[in-house]
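Quick notes on the structure that follows.
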Amino acid sequence: MSRTRVSIGVIALSIGVVAGLLLAAAAPPAAAQGAAAVAAGGSGAQGDQPECMGDAEVPNPAVNCPDRFAWQVFAEVNAPAGGGSGQTVWQTWSTDDETFPCPPTPSECGGTGPASKGCPVFPGETRTPTASAGHQRSARAQQIDLQTPAPAPDAAEPPAGPPQTLEIVHRNRPTFDYIVANDLWYVEGLEKAFADGFVFDFPTDAIEFKSNWSLLAEGDDPSRYHTMERDGSTYLLVAFHISTKDLPNWFWSTFEHVDNPGRCDFIGCHDSFGVVPHDVAPHPKVLNRQYPPGELTAPVQRRLAKLAPEFRNYRLKGSQTDYTTPTGLPTLLGNSVTESGFVQTASCITCHGRATIGASGTSPYPTVAGLTPDFQSFNGPPRTEWYYSNERPLHRWSVQTDFVWAIPFKANSIGATETCCAERETGGPPACQD
Ligand code: HEC
């Protein structure tokens with residue numbers, strides 16, 4: 001499959017934790033390290049089998065009908081939560097801030113009395129919609145502009161007023177309970193896990209949800225979006241990732257609001273179940289344009305029937321179940337909002353495969369989020385040297401946290417001060433961790 005390469009002037013890292021813009025070299029990085037790569041679900045990669053179009057029971061739906069399975073999970077987690085609060089099911093789950101309090105106080109947790117501020121919290125339906133905690137994304141996804149030169153670094157200072165974008169991670173009860181029960185929510189607990197040879201393996205009903213929000217701006221029609229009020233401002237849900245432990249290396253899917261400019265840039269959009277046409281090619285040269293919405297299929301409409309009508313405006317960009325296609329090409333999947341700047345190399349499963357801790361209980365990699373030195377994603381199969389030393393006797397220097405980046409990224413040290421927690425709001429991993 002050939003892919004047109006596009007030069008970009010400026011990329012912004014949107015993992016949500018790195019301050020500052022990154023200036024890309026004139027030539028873009030290759031679409032993948034080494035061999036050619038294909039979009040997950042795209043031509044040459046695995047899509048749904050014909051029997052997935054009906055409602056028939058299929059064995060192992062996550063692997064046999066990945067796009068149908070993605071929509072099934074979409075319908076379950078975006079259903080209205082009880083209590084008439086206008087929230088979805090996933091909004092009642094524990095956020096990163098709630099799972100990984102700062103500073104953590106494990107000695108005060110686990111009793112029957114009122115939990116201390118340093119203990120993990122699972123809010124459930126008691127959460128009021130406005131109390132949902134979130135992080136400001138420190139590097140806003142930039143409009144990729146092919147003509148304008150890169151701005152000076154201080155031009156990236158965020159404007160005063162409410163943050164323009166928010167990124168929030170929620171995890172369901174089984175995921176939360178696993179982290180808490182195994183003391184994986186603070187650095188000292190992770191140090192011990194490393195020392196003890198703990199094997200990270202989330203239960204099969206684990207689900208994690210990462211959402212990206214934009215501040216309502218002039219010209220936006222909020223009725224087309226799932227919205228959230230926060231500190232007196234309205235935010236629109238523009239993109240989200242859903243990962244579930246239905247497969248040993250997790251099931252990966254990402255959705256975008258249909259109006260997102262550049263939604264199918266670089267890798268196209270691939271949904272063999274929910275929308276016709278199933279495959280949309282990326283615009284070859286000009287980025288950030290609108291893509292046609294396509295038509296929702298009848299089976300997906302049936303699944304959306306119980307959801308708020310605005311959920312009909314989201315599209316599955318693709319789902320990913322393996323590092324490579326059956327013939328060994330790396331599979332790519334990334335969201336135009338969340339992976340802005342490295343969609344062209346993004347592979348959920350490979351980058352998340354680099355979620356590890358070293359002996360210090362934190363990520364051992366020198367680059368943030370385990371990105372390549374040119375701030376692109378790794379893709380394709382994992383490399384043994386990410387986990388094992390090359391010296392004899394062989395030893396594990398970096399232990400996988402079962403694809404959950406929040407563990408090396410968000411867990412704090414018992415000794416962390418309020419100041420370093422506050423600094424963490426603008427970027428991570430925090431210096432105060434070690
Ligand atoms: C280049 C690396 C990279 C790529 C590619 C990537 N992610 Fe992540 N992801 C991260 C990092 C780092 C975090 C934790 C920090 C944060 O939340 O921003 C994260 C957080 C998440 C979370 C919250 C749970 C967790 O692991 O902490 C989910 C869910 C998620 N990503 C799903 C996806 C999906 C789905 C894709 C592909 C469409 C994807 N990611 C692509 C690096 C990546």
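Residue numbering restarts at 1 in every chain; chains get A, B, ... in the order shown in the structure tokens, and ligands count up from 1 in that same order.
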Using only C-alpha atoms and all ligand atoms, which residues of the polymer chains come no farther than 7 Å from ligand 1? I'd like the answer as a PDB file with C-alpha atoms, in the first residue's frame.
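The resulting file, selection-v5.pdb, is shown below:
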```pdb
ATOM      1  CA  ILE A  15       0.282  13.070  24.829  1.00  0.00           C
ATOM      2  CA  GLY A  16      -0.850  15.755  27.195  1.00  0.00           C
ATOM      3  CA  VAL A  17       2.151  15.987  29.403  1.00  0.00           C
ATOM      4  CA  VAL A 169      -8.545   9.470  31.647  1.00  0.00           C
ATOM      5  CA  GLU A 208      -9.809   2.510  30.160  1.00  0.00           C
ATOM      6  CA  PHE A 209     -11.188   5.594  28.455  1.00  0.00           C
ATOM      7  CA  LYS A 210      -9.218   8.680  27.463  1.00  0.00           C
ATOM      8  CA  HIS A 241      -9.858   6.262  23.046  1.00  0.00           C
ATOM      9  CA  ILE A 242     -11.332   3.065  24.458  1.00  0.00           C
ATOM     10  CA  SER A 243      -9.029   0.194  25.475  1.00  0.00           C
ATOM     11  CA  TRP A 252      -7.593  -0.678  21.051  1.00  0.00           C
ATOM     12  CA  SER A 253     -10.105   1.647  19.435  1.00  0.00           C
ATOM     13  CA  THR A 254     -10.380   5.349  18.824  1.00  0.00           C
ATOM     14  CA  LEU A 333      -3.709   3.721  14.606  1.00  0.00           C
ATOM     15  CA  GLY A 334      -3.813   7.219  16.028  1.00  0.00           C
ATOM     16  CA  ASN A 335      -6.353   9.965  16.663  1.00  0.00           C
ATOM     17  CA  GLU A 339      -1.913  11.767  18.701  1.00  0.00           C
ATOM     18  CA  ALA A 346       1.164   5.976  15.809  1.00  0.00           C
ATOM     19  CA  SER A 347       0.472   2.461  16.982  1.00  0.00           C
ATOM     20  CA  CYS A 348      -1.575   2.273  20.181  1.00  0.00           C
ATOM     21  CA  CYS A 351       3.568   2.622  22.213  1.00  0.00           C
ATOM     22  CA  HIS A 352       1.558   1.228  25.132  1.00  0.00           C
ATOM     23  CA  ALA A 369       5.971   8.639  26.669  1.00  0.00           C
ATOM     24  CA  GLY A 370       8.624   6.428  25.186  1.00  0.00           C
ATOM     25  CA  LEU A 371       8.536   8.379  21.937  1.00  0.00           C
ATOM     26  CA  GLN A 376       7.284   9.874  16.744  1.00  0.00           C
ATOM     27  CA  SER A 377       5.628   6.701  17.916  1.00  0.00           C
ATOM     28  CA  PHE A 378       7.223   3.300  17.816  1.00  0.00           C
ATOM     29  CA  PHE A 403       0.062  -1.546  28.536  1.00  0.00           C
ATOM     30  CA  VAL A 404      -1.185   0.975  31.095  1.00  0.00           C
ATOM     31  CA  TRP A 405       0.862   4.150  30.720  1.00  0.00           C
ATOM     32  CA  ALA A 406      -0.766   5.843  33.686  1.00  0.00           C
ATOM     33  CA  ILE A 407       1.164   3.563  36.051  1.00  0.00           C
ATOM     34  CA  PHE A 409       3.281   8.247  34.316  1.00  0.00           C
TER      35      PHE A 409
END
```
- [ ] Just the strand (DSSP E) stuff from stretch 343-405 of chain A, please, per backbone DSSP, written as a list in words.
- [x]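 Taking stretch 343-405 of chain A and keeping strand (DSSP E) gives Thr356, Ile357, Val399 and Gln400 of chain A.
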Open item on the list: So that I can check the surroundings of stretch 385-393 of chain A, please list as a ChimeraX atom specification every protein, DNA and RNA residue that reaches within 10 Å of it, counting only C-alpha atoms and ignoring chain neighbours fewer than 6 positions away.
Closed with: /A:353-358,364-365,370,399-400
Open item on the list: Which residue is closest to A:Pro203? Choose from A:Tyr186, A:Tyr235, A:Tyr225, A:Trp250 and count only C-alpha atoms.
Closed with: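 For A:Pro203, the nearest of the given residues is A:Trp250.
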Report as a PDB file with N, CA and C atoms, in the first residue's frame all protein, DNA and RNA residues lying within 6 Å of A:Ala40, evaluated on only C-alpha atoms, omitting residues in the same chain fewer than 6 positions from it.
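Writing the result to around.pdb gives the following:
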```
ATOM      1  N   GLN A 320      -7.611  -1.762  16.689  1.00  0.00           N
ATOM      2  CA  GLN A 320      -6.314  -2.430  16.536  1.00  0.00           C
ATOM      3  C   GLN A 320      -6.250  -3.597  17.515  1.00  0.00           C
ATOM      4  N   THR A 331       0.971  -2.317  12.082  1.00  0.00           N
ATOM      5  CA  THR A 331      -0.329  -1.656  11.968  1.00  0.00           C
ATOM      6  C   THR A 331      -0.243  -0.297  12.660  1.00  0.00           C
ATOM      7  N   LEU A 332      -0.953   0.667  12.084  1.00  0.00           N
ATOM      8  CA  LEU A 332      -0.950   2.023  12.631  1.00  0.00           C
ATOM      9  C   LEU A 332      -2.350   2.400  13.090  1.00  0.00           C
ATOM     10  N   LEU A 333      -2.439   3.110  14.200  1.00  0.00           N
ATOM     11  CA  LEU A 333      -3.709   3.721  14.606  1.00  0.00           C
ATOM     12  C   LEU A 333      -3.409   4.901  15.518  1.00  0.00           C
TER      13      LEU A 333
END
```
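Shortest atom-to-atom contact with A:Val337 among A:Asp55, A:Glu188, A:Asp48, A:Glu256: A:Glu256, counting only C-alpha atoms.
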Task: Residue nearest A:Thr128 among A:Gln301, A:Ser319, A:Thr88, A:Asn60 (counting only C-alpha atoms) - done: A:Thr88
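Counting from atom CA of A:Phe240, the distance to atom CA of A:Phe255 is 5.4 Å.
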Task: helix (DSSP H, G or I) call set, DSSP backbone run, stretch 256-393 of chain A, as an MDAnalysis selection string - done: chainID A and resid 298:304 309:313 343:345 348:353 368:370 384:386
C-alpha atoms of the current selection, written as a compact mmCIF listing (two decimals), in the first residue's frame:
```
# COMPACT_ATOMS: atom_id res chain seq x y z
CA ALA A 298 -28.40 -0.05 10.34
CA PRO A 299 -26.64 -2.38 12.82
CA VAL A 300 -24.76 0.51 14.38
CA GLN A 301 -27.89 2.65 14.53
CA ARG A 302 -29.58 -0.12 16.50
CA ARG A 303 -26.72 -0.06 18.98
CA LEU A 304 -26.90 3.72 19.31
CA PRO A 309 -28.62 11.65 19.93
CA GLU A 310 -25.29 13.52 19.78
CA PHE A 311 -23.46 10.20 19.92
CA ARG A 312 -24.51 9.67 16.31
CA ASN A 313 -21.91 12.32 15.46
CA VAL A 343 -0.53 10.09 13.74
CA GLN A 344 1.63 9.05 10.79
CA THR A 345 3.63 6.63 12.98
CA CYS A 348 -1.58 2.27 20.18
CA ILE A 349 -0.45 -1.22 21.03
CA THR A 350 3.27 -0.68 20.38
CA CYS A 351 3.57 2.62 22.21
CA HIS A 352 1.56 1.23 25.13
CA GLY A 353 3.78 -1.85 25.07
CA VAL A 368 8.63 11.23 27.41
CA ALA A 369 5.97 8.64 26.67
CA GLY A 370 8.62 6.43 25.19
CA THR A 384 13.25 -7.39 23.50
CA GLU A 385 15.78 -4.72 24.49
CA TRP A 386 12.89 -2.57 25.73
```
Task: Among the residues A:Thr227, A:Ser360, A:Ser398, A:Ser336, the one that comes closest to A:Ala308 [using only C-alpha atoms] - done: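 The shortest atom-to-atom distance to A:Ala308 comes from A:Thr227.
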TODO: For stretch 211-217 of chain A, please output as a PyMOL selection string all residues within 10 Å (counting only C-alpha atoms; exclusion window: fewer than 2 positions along the same chain).
DONE: chain A and resi 16+90-91+134-137+140+162-170+209+219-222+226-230+233-242+254-256+337-338
- [ ] Please indicate the distance in Å from atom CA of A:Val199 to atom CA of A:Pro103, rounded to one decimal place.
- [x] 25.3 Å
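Of the listed residues (A:His278, A:Cys102, A:Ala206, A:Trp397), A:Cys102 comes nearest to A:Thr419; the distances count only C-alpha atoms.
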TODO: Considering only C-alpha atoms, return as an MDAnalysis selection string whatever protein or nucleic-acid residues lie within 8 Å of stretch 106-109 of chain A, sequence-local ones (same chain, fewer than 5 positions apart) excluded.
DONE: chainID A and resid 115:116 118:119 414
Could those residues be written to a file, using C-alpha atoms, as a PDB file, in the first residue's frame?
```pdb
ATOM      1  CA  ALA A 115     -10.832   8.156  53.233  1.00  0.00           C
ATOM      2  CA  SER A 116      -7.977  10.598  53.473  1.00  0.00           C
ATOM      3  CA  GLY A 118      -4.200  10.859  49.663  1.00  0.00           C
ATOM      4  CA  CYS A 119      -6.228   7.672  49.028  1.00  0.00           C
ATOM      5  CA  ILE A 414       4.829   9.279  49.125  1.00  0.00           C
TER       6      ILE A 414
END
```
Open item on the list: I'd like the contact shell of A:Asp279 - 8 Å cut-off, only C-alpha atoms, skipping same-chain residues fewer than 2 positions apart - returned as a list of chain:residue names.
Closed with: A:Gly42, A:Gly268, A:Cys269, A:His270, A:Asp271, A:Ser272, A:Val276, A:Pro277, A:Ala281
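Proximity of A:Gly361, A:Pro373, A:Pro120, A:Gly54 to A:Thr105, computed with only C-alpha atoms, is greatest for A:Pro120.
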